[in-house]
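Structure first, commentary second.
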Amino acid sequence: MGYELVDQVLEPWSSAHKLQVSSEYKNEPVRSIQMVGLKHSRVQIWVDPISPTGIVSVHLWDYHSRRKEFSGRLVDLKTLLDEAYQLATGLLDQPKRNR
């Protein structure tokens, strides 16, 4: 499956949060968001295409050691994105030495 159904949720969600979604990386389709905090800390959130079993996964990492995956059904995608966003903003607010 592609990103068509994911985009129906991701586009309004990212717009509401004033986030830009990258849709291509190295000529491959992706759905990726980079967030930058104070002192240039960064967090990436990306969404996988829906799996053949109907599961969608949202990933988060801080470009260092912290990673988290949120998975569920497409109907849960907004909640998964909200959970990833909440964690991401918390990571961006932390001083770098505490990561």
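Letters for chains follow the order of the structure tokens (A, B, ...), residue numbers begin at 1 for each chain, and ligand numbers begin at 1 in the order shown.
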Mind checking which residues fall within 7 Å of Val47 (chain A), counting only C-alpha atoms, ignoring those fewer than 4 positions away in the same chain, and posting them as a list in words?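 Skipping anything fewer than 4 positions along the chain leaves Arg31, Ser32, Ser57, Val58 and His59 of chain A.
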Once DSSP has gone over the backbone, tell me which residues of chain A are in strand (DSSP E), as a PyMOL selection string. chain A and resi 22-25+28-36+42-47+55-61+67-73
Extract, using only C-alpha atoms, all DNA, RNA and protein residues at most 12 Å from region 65-79 of chain A, discarding same-chain residues fewer than 2 positions from it, and format them as a ChimeraX atom specification. /A:3-14,16-17,42-63,81-88,91-92,96,98-99
Can you spit out the residues from that selection as a compact mmCIF listing (two decimals), in the first residue's frame, using C-alpha atoms?
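And here is the file that came out, part-v1.txt:
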```txt
# COMPACT_ATOMS: atom_id res chain seq x y z
CA TYR A 3 0.61 6.74 1.31
CA GLU A 4 -2.80 7.81 -0.06
CA LEU A 5 -4.76 6.90 3.08
CA VAL A 6 -1.95 8.08 5.37
CA ASP A 7 -1.92 11.46 3.61
CA GLN A 8 -5.62 11.95 4.29
CA VAL A 9 -4.79 12.05 8.00
CA LEU A 10 -1.23 13.39 7.91
CA GLU A 11 -1.87 16.47 5.76
CA PRO A 12 -4.50 18.12 7.99
CA TRP A 13 -2.64 17.04 11.13
CA SER A 14 0.69 18.52 9.98
CA ALA A 16 -2.71 22.13 12.21
CA HIS A 17 0.72 21.81 13.87
CA ARG A 42 16.46 18.00 16.22
CA VAL A 43 13.84 15.28 16.20
CA GLN A 44 12.48 13.37 13.24
CA ILE A 45 9.01 11.84 12.98
CA TRP A 46 8.20 9.60 10.05
CA VAL A 47 5.29 7.44 9.01
CA ASP A 48 5.53 4.12 7.21
CA PRO A 49 3.04 3.14 4.52
CA ILE A 50 0.17 1.01 5.77
CA SER A 51 1.29 -2.61 6.09
CA PRO A 52 -0.51 -5.44 4.27
CA THR A 53 -2.15 -6.28 7.61
CA GLY A 54 -3.54 -2.73 7.96
CA ILE A 55 -1.07 -1.45 10.55
CA VAL A 56 0.50 2.00 10.30
CA SER A 57 3.65 2.89 12.23
CA VAL A 58 4.90 6.29 13.34
CA HIS A 59 8.57 6.52 14.30
CA LEU A 60 10.47 9.12 16.26
CA TRP A 61 14.16 9.59 16.91
CA ASP A 62 16.39 12.34 18.22
CA TYR A 63 19.33 11.73 15.83
CA LEU A 81 0.95 11.27 15.56
CA ASP A 82 -0.18 13.23 18.63
CA GLU A 83 1.74 10.86 20.91
CA ALA A 84 4.88 11.15 18.79
CA TYR A 85 4.54 14.95 18.65
CA GLN A 86 4.14 15.20 22.42
CA LEU A 87 7.27 13.11 22.98
CA ALA A 88 9.18 15.04 20.30
CA LEU A 91 12.80 15.88 23.77
CA LEU A 92 13.40 19.23 22.09
CA LYS A 96 21.25 18.12 25.29
CA ASN A 98 20.22 14.93 29.61
CA ARG A 99 19.28 12.97 26.51
```
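CA of Thr89 (chain A) is found 8.3 Å from CA of Met35 (chain A).
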Identify, with DSSP run on backbone atoms, the residues in region 38-92 of chain A assigned to helix (DSSP H, G or I), and express the list as a ChimeraX atom specification. /A:38-40,74-92
Generate the output file for the selected residues, N, CA, C and O atoms, as a JSON list (two decimals), in the first residue's frame.
```
[["chain", "number", "residue", "atom", "x", "y", "z"],
["A", 38, "LEU", "N", 15.32, 24.76, 20.26],
["A", 38, "LEU", "CA", 16.33, 25.73, 20.64],
["A", 38, "LEU", "C", 17.69, 25.06, 20.68],
["A", 38, "LEU", "O", 17.80, 23.85, 20.93],
["A", 39, "LYS", "N", 18.70, 25.81, 20.43],
["A", 39, "LYS", "CA", 20.07, 25.29, 20.42],
["A", 39, "LYS", "C", 20.25, 24.18, 19.39],
["A", 39, "LYS", "O", 21.06, 23.29, 19.55],
["A", 40, "HIS", "N", 19.42, 24.21, 18.33],
["A", 40, "HIS", "CA", 19.55, 23.33, 17.17],
["A", 40, "HIS", "C", 19.35, 21.85, 17.47],
["A", 40, "HIS", "O", 19.81, 21.00, 16.72],
["A", 74, "LEU", "N", -5.13, 2.40, 10.95],
["A", 74, "LEU", "CA", -5.22, 3.72, 10.30],
["A", 74, "LEU", "C", -6.14, 4.66, 11.06],
["A", 74, "LEU", "O", -5.84, 5.85, 11.17],
["A", 75, "VAL", "N", -7.23, 4.16, 11.61],
["A", 75, "VAL", "CA", -8.15, 5.02, 12.36],
["A", 75, "VAL", "C", -7.49, 5.63, 13.59],
["A", 75, "VAL", "O", -7.98, 6.62, 14.13],
["A", 76, "ASP", "N", -6.37, 5.06, 14.02],
["A", 76, "ASP", "CA", -5.64, 5.55, 15.19],
["A", 76, "ASP", "C", -4.48, 6.47, 14.82],
["A", 76, "ASP", "O", -3.75, 6.94, 15.70],
["A", 77, "LEU", "N", -4.28, 6.74, 13.52],
["A", 77, "LEU", "CA", -3.09, 7.48, 13.08],
["A", 77, "LEU", "C", -2.99, 8.85, 13.73],
["A", 77, "LEU", "O", -1.92, 9.25, 14.17],
["A", 78, "LYS", "N", -4.06, 9.59, 13.83],
["A", 78, "LYS", "CA", -3.99, 10.93, 14.44],
["A", 78, "LYS", "C", -3.51, 10.82, 15.89],
["A", 78, "LYS", "O", -2.67, 11.60, 16.33],
["A", 79, "THR", "N", -4.02, 9.86, 16.62],
["A", 79, "THR", "CA", -3.58, 9.66, 18.01],
["A", 79, "THR", "C", -2.11, 9.27, 18.07],
["A", 79, "THR", "O", -1.36, 9.77, 18.91],
["A", 80, "LEU", "N", -1.67, 8.40, 17.16],
["A", 80, "LEU", "CA", -0.26, 8.01, 17.11],
["A", 80, "LEU", "C", 0.62, 9.22, 16.82],
["A", 80, "LEU", "O", 1.68, 9.39, 17.44],
["A", 81, "LEU", "N", 0.19, 10.05, 15.88],
["A", 81, "LEU", "CA", 0.95, 11.27, 15.56],
["A", 81, "LEU", "C", 0.98, 12.22, 16.75],
["A", 81, "LEU", "O", 2.03, 12.81, 17.06],
["A", 82, "ASP", "N", -0.14, 12.37, 17.44],
["A", 82, "ASP", "CA", -0.18, 13.23, 18.63],
["A", 82, "ASP", "C", 0.77, 12.73, 19.71],
["A", 82, "ASP", "O", 1.47, 13.53, 20.36],
["A", 83, "GLU", "N", 0.83, 11.42, 19.91],
["A", 83, "GLU", "CA", 1.74, 10.86, 20.91],
["A", 83, "GLU", "C", 3.19, 11.10, 20.53],
["A", 83, "GLU", "O", 4.01, 11.48, 21.37],
["A", 84, "ALA", "N", 3.52, 10.91, 19.26],
["A", 84, "ALA", "CA", 4.88, 11.15, 18.79],
["A", 84, "ALA", "C", 5.23, 12.63, 18.91],
["A", 84, "ALA", "O", 6.34, 12.98, 19.34],
["A", 85, "TYR", "N", 4.31, 13.50, 18.57],
["A", 85, "TYR", "CA", 4.54, 14.95, 18.65],
["A", 85, "TYR", "C", 4.78, 15.37, 20.10],
["A", 85, "TYR", "O", 5.68, 16.16, 20.38],
["A", 86, "GLN", "N", 3.98, 14.86, 21.00],
["A", 86, "GLN", "CA", 4.14, 15.20, 22.42],
["A", 86, "GLN", "C", 5.52, 14.78, 22.92],
["A", 86, "GLN", "O", 6.21, 15.54, 23.60],
["A", 87, "LEU", "N", 5.94, 13.57, 22.58],
["A", 87, "LEU", "CA", 7.27, 13.11, 22.98],
["A", 87, "LEU", "C", 8.36, 13.95, 22.31],
["A", 87, "LEU", "O", 9.34, 14.32, 22.95],
["A", 88, "ALA", "N", 8.18, 14.25, 21.04],
["A", 88, "ALA", "CA", 9.18, 15.04, 20.30],
["A", 88, "ALA", "C", 9.37, 16.42, 20.92],
["A", 88, "ALA", "O", 10.50, 16.86, 21.12],
["A", 89, "THR", "N", 8.28, 17.09, 21.24],
["A", 89, "THR", "CA", 8.42, 18.43, 21.83],
["A", 89, "THR", "C", 9.08, 18.34, 23.20],
["A", 89, "THR", "O", 9.86, 19.22, 23.57],
["A", 90, "GLY", "N", 8.82, 17.28, 23.93],
["A", 90, "GLY", "CA", 9.49, 17.08, 25.21],
["A", 90, "GLY", "C", 10.98, 16.87, 25.04],
["A", 90, "GLY", "O", 11.79, 17.40, 25.80],
["A", 91, "LEU", "N", 11.37, 16.11, 24.03],
["A", 91, "LEU", "CA", 12.80, 15.88, 23.77],
["A", 91, "LEU", "C", 13.49, 17.17, 23.35],
["A", 91, "LEU", "O", 14.63, 17.42, 23.72],
["A", 92, "LEU", "N", 12.81, 17.98, 22.55],
["A", 92, "LEU", "CA", 13.40, 19.23, 22.09],
["A", 92, "LEU", "C", 13.59, 20.21, 23.24],
["A", 92, "LEU", "O", 14.48, 21.06, 23.19]]
```
So how far away is CA of Val36 (chain A) from CA of Asp93 (chain A), in Å?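 Taking CA of Asp93 (chain A) as the start and CA of Val36 (chain A) as the end point, the length is 10.2 Å.
Between CA of Ile33 (chain A) and CA of Val21 (chain A) the separation is 5.0 Å.
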